[in-house]
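Trainee: The structure file entry-v8.tsv (TSV, C-alpha atoms and all ligand atoms) is provided below.
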chain	number	residue	atom	x	y	z
K	113	MET	CA	118.34	86.43	102.96
K	114	ASN	CA	115.91	84.63	105.21
K	115	VAL	CA	112.18	84.80	105.70
K	116	GLN	CA	110.37	84.09	108.94
K	117	PHE	CA	106.62	83.50	109.03
K	118	LEU	CA	105.26	85.58	111.91
K	119	GLY	CA	101.70	84.54	111.15
K	120	THR	CA	99.96	82.25	108.66
K	121	GLY	CA	96.29	82.54	109.62
K	122	THR	CA	93.28	84.06	107.91
K	123	SER	CA	91.55	87.22	109.13
K	124	HIS	CA	90.09	85.74	112.33
K	125	GLY	CA	93.25	83.80	113.24
K	126	VAL	CA	93.21	80.18	114.44
K	127	PRO	CA	91.86	79.20	116.95
K	128	VAL	CA	88.78	81.25	116.14
K	129	VAL	CA	87.15	83.00	119.08
K	130	GLY	CA	84.17	80.93	120.20
K	131	CYS	CA	84.95	77.91	117.97
K	132	SER	CA	85.46	74.40	119.32
K	133	CYS	CA	86.23	72.55	116.08
K	134	ALA	CA	89.03	69.96	116.00
K	135	VAL	CA	91.57	72.39	114.47
K	136	CYS	CA	90.76	75.15	116.96
K	137	ARG	CA	91.21	72.62	119.80
K	138	SER	CA	94.36	71.04	118.28
K	139	THR	CA	97.45	70.69	120.45
K	140	ASP	CA	99.77	70.84	117.42
K	141	PRO	CA	101.42	74.28	117.70
K	142	ARG	CA	101.38	74.52	113.90
K	143	ASP	CA	97.57	74.77	114.11
K	144	ASN	CA	97.87	78.04	116.04
K	145	ARG	CA	97.88	80.67	113.33
K	146	TYR	CA	98.35	84.35	114.05
K	147	ARG	CA	97.27	86.79	111.36
K	148	SER	CA	99.49	86.54	108.23
K	149	SER	CA	102.80	88.38	108.16
K	150	VAL	CA	106.44	87.69	107.30
K	151	LEU	CA	109.76	89.15	108.34
K	152	VAL	CA	112.47	89.37	105.67
K	153	THR	CA	116.07	89.67	106.87
K	154	GLY	CA	118.72	90.60	104.34
K	155	ASP	CA	122.32	89.41	104.32
K	156	ALA	CA	123.47	92.86	105.49
K	157	GLY	CA	121.06	92.73	108.43
K	158	GLU	CA	118.19	94.68	106.83
K	159	VAL	CA	114.89	93.84	108.51
K	160	VAL	CA	111.65	94.34	106.59
K	161	LEU	CA	108.19	93.46	107.85
K	162	ILE	CA	105.41	92.61	105.40
K	163	ASP	CA	102.08	93.54	107.05
K	164	ALA	CA	101.44	94.41	110.68
K	165	GLY	CA	98.35	92.52	111.82
K	166	PRO	CA	96.61	92.60	115.20
K	167	GLU	CA	99.19	90.24	116.76
K	168	PHE	CA	102.22	92.23	115.61
K	169	ARG	CA	103.34	92.94	119.20
K	170	LEU	CA	103.17	89.25	120.16
K	171	GLN	CA	104.85	88.23	116.91
K	172	ALA	CA	107.66	90.76	117.41
K	173	LEU	CA	108.29	89.54	120.96
K	174	ARG	CA	108.27	85.91	119.86
K	175	ALA	CA	110.73	86.67	117.04
K	176	GLY	CA	112.99	88.77	119.30
K	177	LEU	CA	112.56	91.74	116.96
K	178	VAL	CA	114.65	94.76	118.00
K	179	HIS	CA	114.79	96.78	114.81
K	180	LEU	CA	112.84	97.43	111.63
K	181	ASP	CA	114.11	99.17	108.48
K	182	ALA	CA	110.77	99.29	106.65
K	183	VAL	CA	107.24	97.91	106.58
K	184	LEU	CA	105.55	96.86	103.36
K	185	ILE	CA	101.76	96.70	103.39
K	186	THR	CA	99.87	94.36	101.06
K	187	HIS	CA	96.51	96.07	101.69
K	188	ALA	CA	94.67	97.88	104.45
K	189	HIS	CA	92.29	95.14	105.60
K	190	ALA	CA	92.19	95.01	109.41
K	191	ASP	CA	94.09	91.73	109.65
K	192	HIS	CA	97.06	93.30	107.82
K	193	VAL	CA	97.40	96.75	109.37
K	194	HIS	CA	95.75	96.98	112.77
K	195	GLY	CA	98.99	96.18	114.58
K	196	LEU	CA	100.71	99.22	113.07
K	197	ASP	CA	100.51	101.22	116.30
K	198	ASP	CA	102.72	98.61	117.98
K	199	VAL	CA	105.77	99.53	115.86
K	200	ARG	CA	105.96	102.54	118.22
K	201	PRO	CA	108.93	101.35	120.35
K	202	LEU	CA	110.90	100.73	117.13
K	203	THR	CA	110.36	104.30	115.87
K	204	ARG	CA	112.03	106.18	118.72
K	205	GLY	CA	115.30	106.69	116.86
K	206	GLN	CA	113.83	107.71	113.54
K	207	PRO	CA	110.53	107.52	111.68
K	208	LEU	CA	109.72	104.17	110.11
K	209	ARG	CA	108.92	104.04	106.41
K	210	VAL	CA	105.68	102.20	105.68
K	211	TYR	CA	105.04	101.45	102.02
K	212	ALA	CA	101.54	100.88	100.65
K	213	SER	CA	99.46	101.63	97.55
K	214	SER	CA	98.00	105.15	97.34
K	215	GLY	CA	94.49	103.88	98.17
K	216	ASP	CA	95.75	101.97	101.18
K	217	ILE	CA	97.77	104.99	102.36
K	218	ALA	CA	94.50	106.94	102.49
K	219	GLU	CA	92.87	104.16	104.54
K	220	ILE	CA	95.82	103.93	106.94
K	221	ARG	CA	95.75	107.72	107.46
K	222	GLU	CA	92.07	107.49	108.34
K	223	ARG	CA	92.40	104.51	110.75
K	224	PHE	CA	95.48	105.95	112.49
K	225	SER	CA	94.58	109.63	112.16
K	226	TYR	CA	96.07	110.44	115.61
K	227	ALA	CA	99.50	109.36	114.35
K	228	PHE	CA	99.51	111.97	111.60
K	229	ARG	CA	98.26	115.02	113.51
K	230	GLU	CA	101.00	117.65	113.67
K	231	HIS	CA	100.08	118.95	117.11
K	232	ARG	CA	100.38	115.61	118.85
K	233	VAL	CA	104.05	115.23	119.63
K	234	GLY	CA	105.81	112.63	121.72
K	235	GLY	CA	104.49	109.49	123.39
K	236	GLY	CA	101.33	107.82	122.29
K	237	LYS	CA	101.90	107.68	118.58
K	238	PRO	CA	104.09	105.71	116.21
K	239	ARG	CA	106.40	107.79	114.01
K	240	ILE	CA	105.35	106.51	110.62
K	241	GLU	CA	106.25	107.90	107.23
K	242	LEU	CA	103.83	106.64	104.59
K	243	VAL	CA	105.41	106.12	101.18
K	244	GLU	CA	103.54	105.14	98.04
K	245	ALA	CA	104.44	101.73	96.65
K	246	GLY	CA	104.04	102.18	92.92
K	247	GLY	CA	105.59	100.35	89.99
K	248	ALA	CA	109.19	101.00	90.98
K	249	ASP	CA	111.34	98.78	93.18
K	250	ILE	CA	111.52	99.60	96.88
K	251	THR	CA	115.13	99.57	98.00
K	252	VAL	CA	116.04	98.78	101.60
K	253	GLY	CA	119.81	98.44	101.94
K	254	SER	CA	120.84	95.63	99.62
K	255	LEU	CA	117.25	94.37	99.26
K	256	SER	CA	115.07	95.37	96.35
K	257	PHE	CA	111.33	94.69	96.61
K	258	ARG	CA	109.07	94.76	93.56
K	259	PRO	CA	105.39	95.53	94.32
K	260	LEU	CA	103.15	92.99	92.53
K	261	PRO	CA	99.55	94.01	91.73
K	262	LEU	CA	97.11	91.20	92.61
K	263	MET	CA	93.32	90.87	92.71
K	264	HIS	CA	91.67	90.14	96.07
K	265	GLY	CA	88.05	89.79	94.93
K	266	ASP	CA	87.51	93.09	93.13
K	267	ARG	CA	90.06	94.88	95.29
K	268	ARG	CA	93.52	95.58	93.92
K	269	VAL	CA	96.19	94.64	96.47
K	270	LEU	CA	99.95	94.15	96.42
K	271	GLY	CA	102.24	91.18	96.74
K	272	TYR	CA	106.00	91.66	96.88
K	273	ARG	CA	108.98	89.97	95.27
K	274	VAL	CA	112.53	90.22	96.59
K	275	GLY	CA	115.18	88.16	94.82
K	276	GLY	CA	113.82	84.63	94.38
K	277	PHE	CA	111.10	85.07	97.01
K	278	ALA	CA	107.51	86.16	96.31
K	279	TYR	CA	104.83	86.81	98.94
K	280	LEU	CA	101.30	86.65	97.55
K	281	THR	CA	98.86	86.72	100.45
K	282	ASP	CA	95.17	87.64	100.05
K	283	CYS	CA	94.58	87.05	96.36
K	284	SER	CA	92.04	85.39	94.13
K	285	GLY	CA	93.54	86.38	90.80
K	286	VAL	CA	96.87	87.39	89.30
K	287	PRO	CA	96.99	89.84	86.36
K	288	ALA	CA	99.01	88.76	83.30
K	289	SER	CA	101.43	91.66	83.86
K	290	THR	CA	102.22	90.32	87.36
K	291	LYS	CA	102.64	86.74	86.14
K	292	LYS	CA	105.56	87.99	84.04
K	293	LEU	CA	107.26	89.09	87.27
K	294	LEU	CA	106.89	85.67	88.91
K	295	THR	CA	109.21	83.55	86.79
K	296	GLY	CA	112.33	81.86	88.18
K	297	LEU	CA	111.21	81.90	91.82
K	298	ASN	CA	112.94	79.88	94.53
K	299	VAL	CA	110.05	80.24	96.97
K	300	MET	CA	106.46	81.29	96.35
K	301	VAL	CA	104.21	81.98	99.32
K	302	ILE	CA	100.59	82.07	98.27
K	303	ASP	CA	97.11	82.48	99.73
K	304	GLY	CA	95.54	79.03	100.25
K	305	LEU	CA	92.62	79.81	102.54
K	306	ARG	CA	90.90	76.41	102.51
K	307	LYS	CA	89.76	73.65	100.13
K	308	ARG	CA	86.29	75.12	99.61
K	309	PRO	CA	86.13	78.04	97.13
K	310	HIS	CA	85.96	81.62	98.42
K	311	PRO	CA	85.11	84.80	96.47
K	312	THR	CA	88.22	86.77	97.50
K	313	HIS	CA	90.85	84.12	98.29
K	314	PHE	CA	92.45	81.30	96.34
K	315	SER	CA	91.37	77.85	97.48
K	316	VAL	CA	94.16	75.34	98.05
K	317	ASP	CA	93.59	73.83	94.58
K	318	GLU	CA	93.55	77.27	92.93
K	319	ALA	CA	96.77	78.23	94.69
K	320	LEU	CA	98.51	75.00	93.69
K	321	GLY	CA	97.15	75.34	90.14
K	322	PHE	CA	98.60	78.83	89.89
K	323	ALA	CA	101.91	77.60	91.29
K	324	ARG	CA	102.02	74.87	88.62
K	325	GLU	CA	101.74	77.60	86.02
K	326	MET	CA	104.61	79.64	87.53
K	327	ARG	CA	106.87	76.66	88.38
K	328	PRO	CA	108.71	77.96	91.46
K	329	ASP	CA	111.21	75.65	93.19
K	330	ARG	CA	109.06	75.51	96.34
K	331	VAL	CA	105.60	76.60	97.51
K	332	PHE	CA	104.16	77.50	100.91
K	333	LEU	CA	100.49	78.20	101.58
K	334	THR	CA	99.49	80.96	103.98
K	335	HIS	CA	96.37	82.84	105.21
K	336	ILE	CA	94.93	79.49	106.25
K	337	CYS	CA	91.58	79.12	108.05
K	338	HIS	CA	90.43	76.53	110.58
K	339	ASP	CA	88.93	74.11	108.04
K	340	HIS	CA	92.12	72.03	107.93
K	341	SER	CA	94.91	71.02	110.28
K	342	HIS	CA	98.54	71.51	109.32
K	343	VAL	CA	99.02	67.75	108.96
K	344	GLU	CA	95.94	67.39	106.76
K	345	LEU	CA	97.13	70.15	104.40
K	346	GLU	CA	100.64	68.74	104.36
K	347	ASP	CA	99.30	65.32	103.28
K	348	TYR	CA	96.97	66.91	100.73
K	349	CYS	CA	99.81	68.87	99.11
K	350	SER	CA	102.25	65.96	99.04
K	351	ASN	CA	99.62	63.75	97.37
K	352	ALA	CA	98.74	66.39	94.76
K	353	GLY	CA	101.35	65.13	92.26
K	354	LEU	CA	103.14	68.47	92.09
K	355	PRO	CA	106.51	68.85	90.35
K	356	PHE	CA	107.86	70.85	93.35
K	357	PRO	CA	107.62	70.55	97.14
K	358	ALA	CA	104.57	72.32	98.52
K	359	GLY	CA	102.81	72.54	101.85
K	360	PRO	CA	101.33	74.84	104.45
K	361	ALA	CA	103.59	77.35	106.20
K	362	TYR	CA	103.29	77.68	109.97
K	363	ASP	CA	104.02	80.40	112.49
K	364	GLY	CA	107.72	80.58	113.36
K	365	LEU	CA	108.90	78.71	110.25
K	366	THR	CA	112.10	80.30	108.93
K	367	ILE	CA	113.41	79.60	105.45
K	368	ALA	CA	116.73	80.55	103.89
K	369	ILE	CA	116.62	81.91	100.36
K	370	ASP	CA	119.68	82.17	98.10
L	401	ZN	ZN	93.88	88.94	105.11
L	402	ZN	ZN	87.46	76.24	114.50
L	403	ZN	ZN	92.33	90.95	102.79
What is this structure when it is put down as structure tokens?

Mentor:
Amino acid sequence: MNVQFLGTGTSHGVPVVGCSCAVCRSTDPRDNRYRSSVLVTGDAGEVVLIDAGPEFRLQALRAGLVHLDAVLITHAHADHVHGLDDVRPLTRGQPLRVYASSGDIAEIRERFSYAFREHRVGGGKPRIELVEAGGADITVGSLSFRPLPLMHGDRRVLGYRVGGFAYLTDCSGVPASTKKLLTGLNVMVIDGLRKRPHPTHFSVDEALGFAREMRPDRVFLTHICHDHSHVELEDYCSNAGLPFPAGPAYDGLTIAID
């Protein structure tokens, strides 16, 4: 299985529109952060997208995406679902299954109401089949994804675990029942918005502190804002005295997972 980061930025992306800070003006391509999303590719060629943010079309073109077997949604905030319409060219053959919590399914139906109206047939709408992600595993070919309830401020959202990989974007707390599902990880991807605290996102220290508790083999931060450059975060993580390698992810990074 491999995982490609299609985006690693917070809700406004980096650079931020109208901002001229050093990170937004950086020439390091790793400081350009599209909205957070990953693509999981299974050993049998299964392709699963986690979240479809506003840059999904650009991310799909950059990744050379030609097929999707399923989409898993973490939550229905704009930066995670507003690219959903752009799956349209990949739904010509058959409808695409999009998994989300029941509350988020209701929000997606409202935002993309045109896509679910019976009388509108043909071009102009993605063929999406919304499926509730509950407590059971979601099976896509040989891949089995476990939805992981997380707290994002006071909102309940989902992370996902597949094999030794866990994707925990947009969270500020992890329920005890979910912690039990995060043991023995090879790779943990976790929300690390910035060093300063935030009410609905883990800070870098909170993310690394949580990772210390779970002891994965390797940690990547995602959903990163423009407070810090890639290099600055890389240095910060390597000087944090962690018992595992940790650092910021960046757009385009692909990692192999056993
Ligand atoms: Zn977000
Ligand atoms: Zn900036
Ligand atoms: Zn969010």

Trainee: Which residues are close to range 243-248 of chain K, i.e. within 7 Å by all atoms listed in the file, leaving aside same-chain residues fewer than 5 positions away? Reply as a ChimeraX atom specification.

Mentor: /K:209-214,258-259

Trainee: For each of K:Gly321, K:Gly265, K:Pro238, K:Gly125, take the minimum atom-to-atom distance to ligand ZN 402 (chain L), counting all atoms listed in the file, then give the residue where this is smallest.

Mentor: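 Distance minimum relative to ligand ZN 402 (chain L) lands on K:Gly125.
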
Trainee: Expressed in Å to a single decimal, how great is the separation between CA of Val150 in chain K and CA of Arg308 in chain K?

Mentor: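 Straight-line distance from CA of Val150 in chain K to CA of Arg308 in chain K works out to 25.0 Å.
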
Trainee: List all protein, DNA and RNA residues that have any atom at most 6 Å from ligand ZN 402 (chain L), counting only C-alpha atoms and all ligand atoms, and write the list as a ChimeraX atom specification.

Mentor: /K:127-128,131-133,135-136,338

Trainee: Name each residue within 7 Å of ligand ZN 403 (chain L), counting only C-alpha atoms and all ligand atoms, as a count of residues only.

Mentor: 4

Trainee: Considering only C-alpha atoms and all ligand atoms, can you say which of K:Ser254, K:Ser138, K:Asn351, K:Thr122 comes closest to ligand ZN 401 (chain L)?

Mentor: K:Thr122

Trainee: Show me which residues are within 12 Å of ligand ZN 401 (chain L) counting all atoms listed in the file, and format the list as a PyMOL selection string.

Mentor: chain K and resi 119-125+146-149+163-166+185-194+264-265+269-270+280-284+302-305+312-314+334-337

Trainee: How far is it from CA of Val199 in chain K to CA of Phe257 in chain K, in Å with one decimal?

Mentor: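 For CA of Val199 in chain K relative to CA of Phe257 in chain K, the distance reads 20.6 Å.
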
Trainee: Can you tell me how far CA of Val183 in chain K sits from CA of Leu208 in chain K, in Å to one decimal?

Mentor: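 Going from CA of Val183 in chain K over to CA of Leu208 in chain K covers 7.6 Å.
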
Trainee: Env of range 153-159 of chain K: 6 Å cut, atoms = all atoms listed in the file, seq-sep filter 2 positions within chain, self excluded. Answer as a PyMOL selection string.

Mentor: chain K and resi 113-114+180-181

Trainee: Once you have the residues from the selection above, write them out as a short mmCIF file (atom, residue, chain, number, x, y, z; two decimals), keeping the file's coordinate frame, restricted to C-alpha atoms.

Mentor:
data_model
loop_
_atom_site.label_atom_id
_atom_site.label_comp_id
_atom_site.auth_asym_id
_atom_site.auth_seq_id
_atom_site.Cartn_x
_atom_site.Cartn_y
_atom_site.Cartn_z
CA MET K 113 118.34 86.43 102.96
CA ASN K 114 115.91 84.63 105.21
CA LEU K 180 112.84 97.43 111.63
CA ASP K 181 114.11 99.17 108.48
#

Trainee: Just want the 10 Å neighbourhood of Phe277 in chain K, counted on only C-alpha atoms, with same-chain residues fewer than 3 positions away dropped. Output as a list in words.

Mentor: Met113, Asn114, Val115, Val152, Phe257, Tyr272, Arg273, Val274, Leu280, Leu294, Gly296, Leu297, Asn298, Val299, Met300, Val301, Pro328, Arg330, Ala368, Ile369 and Asp370 of chain K

Trainee: Write only C-alpha atoms for range 249-272 of chain K from the block just shown, as an mmCIF file, in the first residue's frame.

Mentor:
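Saved as part.cif:
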data_model
loop_
_atom_site.group_PDB
_atom_site.id
_atom_site.type_symbol
_atom_site.label_atom_id
_atom_site.label_comp_id
_atom_site.auth_asym_id
_atom_site.auth_seq_id
_atom_site.Cartn_x
_atom_site.Cartn_y
_atom_site.Cartn_z
ATOM 1 C CA ASP K 249 -14.856 -1.455 8.641
ATOM 2 C CA ILE K 250 -15.194 -0.083 5.109
ATOM 3 C CA THR K 251 -13.915 -2.636 2.638
ATOM 4 C CA VAL K 252 -12.516 -1.560 -0.721
ATOM 5 C CA GLY K 253 -10.975 -4.542 -2.503
ATOM 6 C CA SER K 254 -8.244 -5.842 -0.234
ATOM 7 C CA LEU K 255 -8.212 -2.648 1.866
ATOM 8 C CA SER K 256 -10.135 -2.370 5.092
ATOM 9 C CA PHE K 257 -10.645 1.104 6.578
ATOM 10 C CA ARG K 258 -11.723 1.600 10.177
ATOM 11 C CA PRO K 259 -13.530 4.915 10.862
ATOM 12 C CA LEU K 260 -12.025 6.593 13.949
ATOM 13 C CA PRO K 261 -14.194 9.059 15.909
ATOM 14 C CA LEU K 262 -12.215 12.207 16.808
ATOM 15 C CA MET K 263 -13.087 15.572 18.363
ATOM 16 C CA HIS K 264 -12.571 18.709 16.262
ATOM 17 C CA GLY K 265 -13.491 21.351 18.851
ATOM 18 C CA ASP K 266 -16.961 20.206 19.892
ATOM 19 C CA ARG K 267 -17.634 18.616 16.515
ATOM 20 C CA ARG K 268 -17.345 14.860 16.119
ATOM 21 C CA VAL K 269 -15.363 13.984 12.988
ATOM 22 C CA LEU K 270 -13.723 10.860 11.586
ATOM 23 C CA GLY K 271 -10.170 9.747 11.051
ATOM 24 C CA TYR K 272 -9.423 6.491 9.249
#
